[in-house]
Structures are given as structure tokens and as C-alpha cells.
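Pasted below: coords.cif, mmCIF, C-alpha atoms, pLDDT in the B column; chains and numbers go by the auth columns.
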```
data_data
loop_
_atom_site.group_PDB
_atom_site.id
_atom_site.type_symbol
_atom_site.label_atom_id
_atom_site.label_comp_id
_atom_site.label_asym_id
_atom_site.label_seq_id
_atom_site.Cartn_x
_atom_site.Cartn_y
_atom_site.Cartn_z
_atom_site.B_iso_or_equiv
_atom_site.auth_seq_id
_atom_site.auth_asym_id
ATOM 1 C CA MET A 1 112.251 118.800 78.690 84.00 1 A
ATOM 2 C CA LEU A 2 109.669 119.623 81.352 87.00 2 A
ATOM 3 C CA ILE A 3 110.561 122.217 83.951 94.00 3 A
ATOM 4 C CA VAL A 4 108.911 121.819 87.343 96.00 4 A
ATOM 5 C CA PRO A 5 109.012 124.813 89.685 95.00 5 A
ATOM 6 C CA LEU A 6 110.108 124.500 93.266 94.00 6 A
ATOM 7 C CA PRO A 7 108.285 124.549 95.455 94.00 7 A
ATOM 8 C CA ILE A 8 105.657 122.495 93.700 96.00 8 A
ATOM 9 C CA THR A 9 102.262 124.056 94.355 96.00 9 A
ATOM 10 C CA ARG A 10 98.733 122.690 94.313 97.00 10 A
ATOM 11 C CA ASP A 11 97.972 125.062 91.422 97.00 11 A
ATOM 12 C CA PHE A 12 100.846 123.546 89.421 97.00 12 A
ATOM 13 C CA ILE A 13 99.594 120.018 90.161 97.00 13 A
ATOM 14 C CA ARG A 14 96.087 120.973 89.052 98.00 14 A
ATOM 15 C CA ALA A 15 97.419 122.660 85.901 97.00 15 A
ATOM 16 C CA ASN A 16 99.036 119.349 84.854 97.00 16 A
ATOM 17 C CA PRO A 17 96.304 116.722 85.278 97.00 17 A
ATOM 18 C CA ASP A 18 98.002 114.255 82.921 95.00 18 A
ATOM 19 C CA TRP A 19 101.119 114.077 85.093 97.00 19 A
ATOM 20 C CA THR A 20 101.403 111.908 88.206 97.00 20 A
ATOM 21 C CA PHE A 21 103.011 113.587 91.214 98.00 21 A
ATOM 22 C CA VAL A 22 104.539 111.414 93.944 98.00 22 A
ATOM 23 C CA TYR A 23 104.853 112.923 97.414 97.00 23 A
ATOM 24 C CA SER A 24 105.697 111.663 100.892 95.00 24 A
ATOM 25 C CA THR A 25 103.035 110.813 103.436 94.00 25 A
ATOM 26 C CA ASN A 26 102.365 108.299 106.182 93.00 26 A
ATOM 27 C CA VAL A 27 101.020 104.760 105.842 94.00 27 A
ATOM 28 C CA TYR A 28 97.492 105.915 106.665 91.00 28 A
ATOM 29 C CA HIS A 29 97.604 108.885 104.253 88.00 29 A
ATOM 30 C CA THR A 30 96.475 111.217 107.034 87.00 30 A
ATOM 31 C CA SER A 31 99.314 113.693 106.862 82.00 31 A
ATOM 32 C CA SER A 32 98.492 117.339 106.341 80.00 32 A
ATOM 33 C CA TYR A 33 102.015 118.741 106.541 83.00 33 A
ATOM 34 C CA GLY A 34 104.868 119.320 104.115 86.00 34 A
ATOM 35 C CA GLN A 35 104.473 117.676 100.733 92.00 35 A
ATOM 36 C CA ALA A 36 101.115 116.162 101.687 91.00 36 A
ATOM 37 C CA ALA A 37 99.699 119.635 102.412 92.00 37 A
ATOM 38 C CA VAL A 38 100.328 120.508 98.768 94.00 38 A
ATOM 39 C CA ALA A 39 99.481 117.233 97.040 96.00 39 A
ATOM 40 C CA ALA A 40 97.058 115.138 99.094 95.00 40 A
ATOM 41 C CA ASN A 41 93.617 114.397 97.663 95.00 41 A
ATOM 42 C CA GLU A 42 94.415 115.529 94.140 97.00 42 A
ATOM 43 C CA PRO A 43 93.422 112.933 91.512 97.00 43 A
ATOM 44 C CA ASN A 44 96.849 112.972 89.851 98.00 44 A
ATOM 45 C CA THR A 45 98.908 112.404 93.008 97.00 45 A
ATOM 46 C CA ILE A 46 100.073 109.331 94.889 97.00 46 A
ATOM 47 C CA GLY A 47 101.556 109.441 98.365 96.00 47 A
ATOM 48 C CA ILE A 48 104.414 107.126 99.219 97.00 48 A
ATOM 49 C CA PRO A 49 104.669 106.219 102.894 96.00 49 A
ATOM 50 C CA VAL A 50 107.849 107.286 104.653 95.00 50 A
ATOM 51 C CA ARG A 51 106.665 106.489 108.197 93.00 51 A
ATOM 52 C CA PHE A 52 103.670 105.029 109.986 93.00 52 A
ATOM 53 C CA ARG A 53 102.247 108.188 111.562 85.00 53 A
ATOM 54 C CA PHE A 54 103.332 111.764 111.914 75.00 54 A
ATOM 55 C CA CYS A 55 103.807 111.811 115.667 73.00 55 A
ATOM 56 C CA ARG A 56 107.314 112.929 116.544 72.00 56 A
ATOM 57 C CA SER A 57 107.040 111.938 120.198 74.00 57 A
ATOM 58 C CA ASN A 58 106.193 108.292 119.512 81.00 58 A
ATOM 59 C CA PRO A 59 109.172 106.155 118.407 80.00 59 A
ATOM 60 C CA SER A 60 106.816 103.585 116.840 85.00 60 A
ATOM 61 C CA SER A 61 105.741 106.250 114.331 89.00 61 A
ATOM 62 C CA TYR A 62 108.974 105.807 112.397 93.00 62 A
ATOM 63 C CA PHE A 63 110.039 103.085 109.987 95.00 63 A
ATOM 64 C CA ASN A 64 113.088 101.065 110.969 95.00 64 A
ATOM 65 C CA ASP A 65 115.095 98.629 108.915 97.00 65 A
ATOM 66 C CA ASP A 66 114.407 95.688 111.246 96.00 66 A
ATOM 67 C CA MET A 67 110.903 95.518 109.771 96.00 67 A
ATOM 68 C CA PHE A 68 111.917 96.102 106.153 97.00 68 A
ATOM 69 C CA ASN A 69 111.269 92.632 104.675 97.00 69 A
ATOM 70 C CA ASP A 70 108.169 91.728 106.666 97.00 70 A
ATOM 71 C CA VAL A 71 106.347 95.059 106.966 96.00 71 A
ATOM 72 C CA THR A 72 107.758 98.057 105.153 97.00 72 A
ATOM 73 C CA LYS A 73 108.762 96.577 101.781 98.00 73 A
ATOM 74 C CA PRO A 74 105.319 95.033 101.088 98.00 74 A
ATOM 75 C CA ILE A 75 103.650 98.376 101.865 97.00 75 A
ATOM 76 C CA LEU A 76 106.064 100.240 99.610 98.00 76 A
ATOM 77 C CA ASP A 77 105.870 97.693 96.797 98.00 77 A
ATOM 78 C CA LYS A 78 102.087 98.065 96.623 97.00 78 A
ATOM 79 C CA VAL A 79 102.360 101.852 96.283 97.00 79 A
ATOM 80 C CA LEU A 80 105.255 101.612 93.817 98.00 80 A
ATOM 81 C CA ALA A 81 103.203 99.256 91.637 98.00 81 A
ATOM 82 C CA SER A 82 100.287 101.706 91.586 97.00 82 A
ATOM 83 C CA ILE A 83 102.669 104.486 90.507 97.00 83 A
ATOM 84 C CA ALA A 84 104.130 102.330 87.736 96.00 84 A
ATOM 85 C CA GLU A 85 100.633 101.429 86.482 96.00 85 A
ATOM 86 C CA ARG A 86 99.871 105.086 85.821 94.00 86 A
ATOM 87 C CA GLY A 87 102.710 105.445 83.336 91.00 87 A
ATOM 88 C CA GLY A 88 103.107 108.725 81.480 94.00 88 A
ATOM 89 C CA ILE A 89 104.938 111.612 83.106 96.00 89 A
ATOM 90 C CA ILE A 90 105.791 110.858 86.710 97.00 90 A
ATOM 91 C CA VAL A 91 107.142 113.709 88.815 97.00 91 A
ATOM 92 C CA VAL A 92 108.670 112.642 92.122 97.00 92 A
ATOM 93 C CA PHE A 93 108.789 115.418 94.708 96.00 93 A
ATOM 94 C CA PRO A 94 112.406 116.105 95.683 94.00 94 A
ATOM 95 C CA LYS A 95 113.679 115.114 99.115 93.00 95 A
ATOM 96 C CA ILE A 96 111.200 112.327 99.823 95.00 96 A
ATOM 97 C CA GLY A 97 112.259 110.729 103.088 93.00 97 A
ATOM 98 C CA GLU A 98 114.614 113.551 104.036 93.00 98 A
ATOM 99 C CA GLY A 99 112.234 115.539 106.247 89.00 99 A
ATOM 100 C CA ASP A 100 110.463 114.723 109.493 88.00 100 A
ATOM 101 C CA SER A 101 110.366 111.026 108.656 90.00 101 A
ATOM 102 C CA ARG A 102 114.113 110.976 109.289 91.00 102 A
ATOM 103 C CA LEU A 103 114.399 107.919 107.031 94.00 103 A
ATOM 104 C CA LYS A 104 118.086 108.493 106.314 92.00 104 A
ATOM 105 C CA GLU A 105 118.756 108.242 110.050 94.00 105 A
ATOM 106 C CA LYS A 106 116.126 105.815 111.301 94.00 106 A
ATOM 107 C CA ALA A 107 115.847 103.441 108.326 97.00 107 A
ATOM 108 C CA PRO A 108 118.709 103.950 105.849 97.00 108 A
ATOM 109 C CA ARG A 109 118.020 100.713 103.985 98.00 109 A
ATOM 110 C CA THR A 110 114.375 101.689 103.542 98.00 110 A
ATOM 111 C CA PHE A 111 115.413 105.190 102.466 98.00 111 A
ATOM 112 C CA GLN A 112 117.770 103.782 99.840 98.00 112 A
ATOM 113 C CA TYR A 113 115.128 101.369 98.565 98.00 113 A
ATOM 114 C CA ILE A 114 112.554 104.138 98.149 98.00 114 A
ATOM 115 C CA ARG A 115 115.065 106.396 96.390 96.00 115 A
ATOM 116 C CA GLU A 116 116.199 103.650 93.991 97.00 116 A
ATOM 117 C CA GLU A 117 112.673 102.518 93.127 98.00 117 A
ATOM 118 C CA LEU A 118 111.369 106.063 92.620 97.00 118 A
ATOM 119 C CA ALA A 119 114.369 106.874 90.404 96.00 119 A
ATOM 120 C CA LYS A 120 113.244 104.057 88.090 96.00 120 A
ATOM 121 C CA LEU A 121 109.772 105.600 87.820 96.00 121 A
ATOM 122 C CA HIS A 122 110.628 109.317 87.700 95.00 122 A
ATOM 123 C CA SER A 123 110.352 110.666 84.165 95.00 123 A
ATOM 124 C CA ASN A 124 113.787 111.355 82.720 91.00 124 A
ATOM 125 C CA ASN A 125 112.784 114.532 80.960 90.00 125 A
ATOM 126 C CA VAL A 126 111.722 116.357 84.155 93.00 126 A
ATOM 127 C CA VAL A 127 114.019 119.006 85.604 92.00 127 A
ATOM 128 C CA PHE A 128 113.350 120.935 88.802 94.00 128 A
ATOM 129 C CA GLN A 129 113.713 124.697 88.594 90.00 129 A
ATOM 130 C CA TYR A 130 115.715 126.059 91.507 70.00 130 A
#
```

Take the structure in the file and give it back as C-alpha cells.
Amino acid sequence: MLIVPLPITRDFIRANPDWTFVYSTNVYHTSSYGQAAVAANEPNTIGIPVRFRFCRSNPSSYFNDDMFNDVTKPILDKVLASIAERGGIIVVFPKIGEGDSRLKEKAPRTFQYIREELAKLHSNNVVFQY
């Protein structure tokens, strides 16, 4: 069993270069807050989009379920495939889609899809230390 500390730190990510860490970001991978502040630009990390941009004042920054089939799902499927290709130990950051993206509120179908697909990829022998 692998024990992952919370919060996950950049030092922990760097100390485990053979593991793949999945964190939340925006479609353009320009976020520098939250999980992305810790994980972005590390060679063993992949960001999964949970919104278009991180601009709280612009409603078009958020995903919504009306665009799931035509826009959001194809974006997510491409990222999910790249995660699956890595294989090995995959550590999914907890609470993806539960922060500023407000996925549970703004796009519950999208939130559920992300959670279900990441659960299939997350290594079973990883436990988060609280």
C-alpha cells in the first residue's frame, strides 16, 4: 500500500518520478492556483480540465452540462486517454472538481463523469494520509 500525504506537495511529486499525479486545471492549462500551483509543469503530472478559464466573474469560464457531448466530453476523453497511456501508479488528487470550478453545482453530469473515469484510473493501492 502506498501512503500519499495530504496536502500533496511539489517535493512529494518530485520524490516519486515514476508515479503519475492527476490534478485539476483549466482547458488551457494556465492555472496557477490550488492543485495546479503544486503540480503544474512537473514531468510526472497531468492536469484534467474542470473549467475553461479561472475567471470567477465570467460565467462562460465554467463548464455546463448543455455542452457535455459536443465540447466537454471530447476534451476530457483526450486527457483521460493520455493518463491511461502512462499506466503504472496513478495518484488522483482528492477533490478534483469540488473547488472553484464548482462542477458539482454548475455541471453535475460532467462532475460525475470525471469522478467515474478517474476512479477507473486511480491506483487501488494508494491511500491518502489525513

* Asked: With all atoms listed in the file as the basis for distance, which of A:Pro7, A:Lys120, A:Arg51, A:Ala40 is at the shortest distance from Val71 in chain A?
  -> A:Arg51

Please build the interface table for range 87-125 of chain A against range 57-66 of chain A with a cut-off of 12 Å, listing for each qualifying residue the nearest atom pair and the distance in Å to one decimal; count all atoms listed in the file, order rows by chain and increasing number, and write it as JSON lines.
```
{"residue": "A:Gly97", "atom": "CA", "partner": "A:Phe63", "partner_atom": "CA", "distance": 10.5}
{"residue": "A:Gly99", "atom": "CA", "partner": "A:Tyr62", "partner_atom": "CA", "distance": 12.0}
{"residue": "A:Asp100", "atom": "CA", "partner": "A:Tyr62", "partner_atom": "CA", "distance": 9.5}
{"residue": "A:Ser101", "atom": "CA", "partner": "A:Tyr62", "partner_atom": "CA", "distance": 6.6}
{"residue": "A:Arg102", "atom": "CA", "partner": "A:Tyr62", "partner_atom": "CA", "distance": 7.9}
{"residue": "A:Leu103", "atom": "CA", "partner": "A:Phe63", "partner_atom": "CA", "distance": 7.1}
{"residue": "A:Lys104", "atom": "CA", "partner": "A:Asn64", "partner_atom": "CA", "distance": 10.1}
{"residue": "A:Glu105", "atom": "CA", "partner": "A:Asn64", "partner_atom": "CA", "distance": 9.2}
{"residue": "A:Lys106", "atom": "CA", "partner": "A:Asn64", "partner_atom": "CA", "distance": 5.6}
{"residue": "A:Ala107", "atom": "CA", "partner": "A:Asn64", "partner_atom": "CA", "distance": 4.5}
{"residue": "A:Pro108", "atom": "CA", "partner": "A:Asp65", "partner_atom": "CA", "distance": 7.1}
{"residue": "A:Arg109", "atom": "CA", "partner": "A:Asp65", "partner_atom": "CA", "distance": 6.1}
{"residue": "A:Thr110", "atom": "CA", "partner": "A:Asp65", "partner_atom": "CA", "distance": 6.2}
{"residue": "A:Phe111", "atom": "CA", "partner": "A:Asp65", "partner_atom": "CA", "distance": 9.2}
{"residue": "A:Gln112", "atom": "CA", "partner": "A:Asp65", "partner_atom": "CA", "distance": 10.8}
{"residue": "A:Tyr113", "atom": "CA", "partner": "A:Asp65", "partner_atom": "CA", "distance": 10.7}
```

Give me the result of the PyMOL selection byres ((chain A and resi 89) around 12) on this file, residue by residue, as a tab-separated table (two decimals) with C-alpha atoms, in the frame of the given file.
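Saved result, selection-v1.tsv, follows:
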```
chain	number	residue	atom	x	y	z
A	1	MET	CA	112.25	118.80	78.69
A	2	LEU	CA	109.67	119.62	81.35
A	4	VAL	CA	108.91	121.82	87.34
A	16	ASN	CA	99.04	119.35	84.85
A	17	PRO	CA	96.30	116.72	85.28
A	18	ASP	CA	98.00	114.26	82.92
A	19	TRP	CA	101.12	114.08	85.09
A	20	THR	CA	101.40	111.91	88.21
A	21	PHE	CA	103.01	113.59	91.21
A	22	VAL	CA	104.54	111.41	93.94
A	44	ASN	CA	96.85	112.97	89.85
A	45	THR	CA	98.91	112.40	93.01
A	83	ILE	CA	102.67	104.49	90.51
A	84	ALA	CA	104.13	102.33	87.74
A	85	GLU	CA	100.63	101.43	86.48
A	86	ARG	CA	99.87	105.09	85.82
A	87	GLY	CA	102.71	105.44	83.34
A	88	GLY	CA	103.11	108.72	81.48
A	90	ILE	CA	105.79	110.86	86.71
A	91	VAL	CA	107.14	113.71	88.82
A	92	VAL	CA	108.67	112.64	92.12
A	121	LEU	CA	109.77	105.60	87.82
A	122	HIS	CA	110.63	109.32	87.70
A	123	SER	CA	110.35	110.67	84.16
A	124	ASN	CA	113.79	111.36	82.72
A	125	ASN	CA	112.78	114.53	80.96
A	126	VAL	CA	111.72	116.36	84.16
A	127	VAL	CA	114.02	119.01	85.60
```

* Pick out the closest residue to Thr30 in chain A from this set: A:Lys78, A:Thr9, A:Arg14, A:Arg53. Count all atoms listed in the file. =>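 Smallest distance to Thr30 in chain A is found for A:Arg53.
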
* Calculate how many Å separate CA of Arg115 in chain A from CA of Tyr23 in chain A, rounding to one decimal. => 12.2 Å

* To do: Find, counting only C-alpha atoms, the residue in A:Tyr28, A:Phe68, A:Tyr33, A:Phe128 that gets nearest to Ile48 in chain A.
  =>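 With only C-alpha atoms as the atom set, the closest residue is A:Tyr28.
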
* Nearest candidate to Asp77 in chain A (options A:Ile114, A:Ile8, A:Val27, A:Cys55; using all atoms listed in the file) ->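 For Asp77 in chain A, the nearest of the given residues is A:Ile114.
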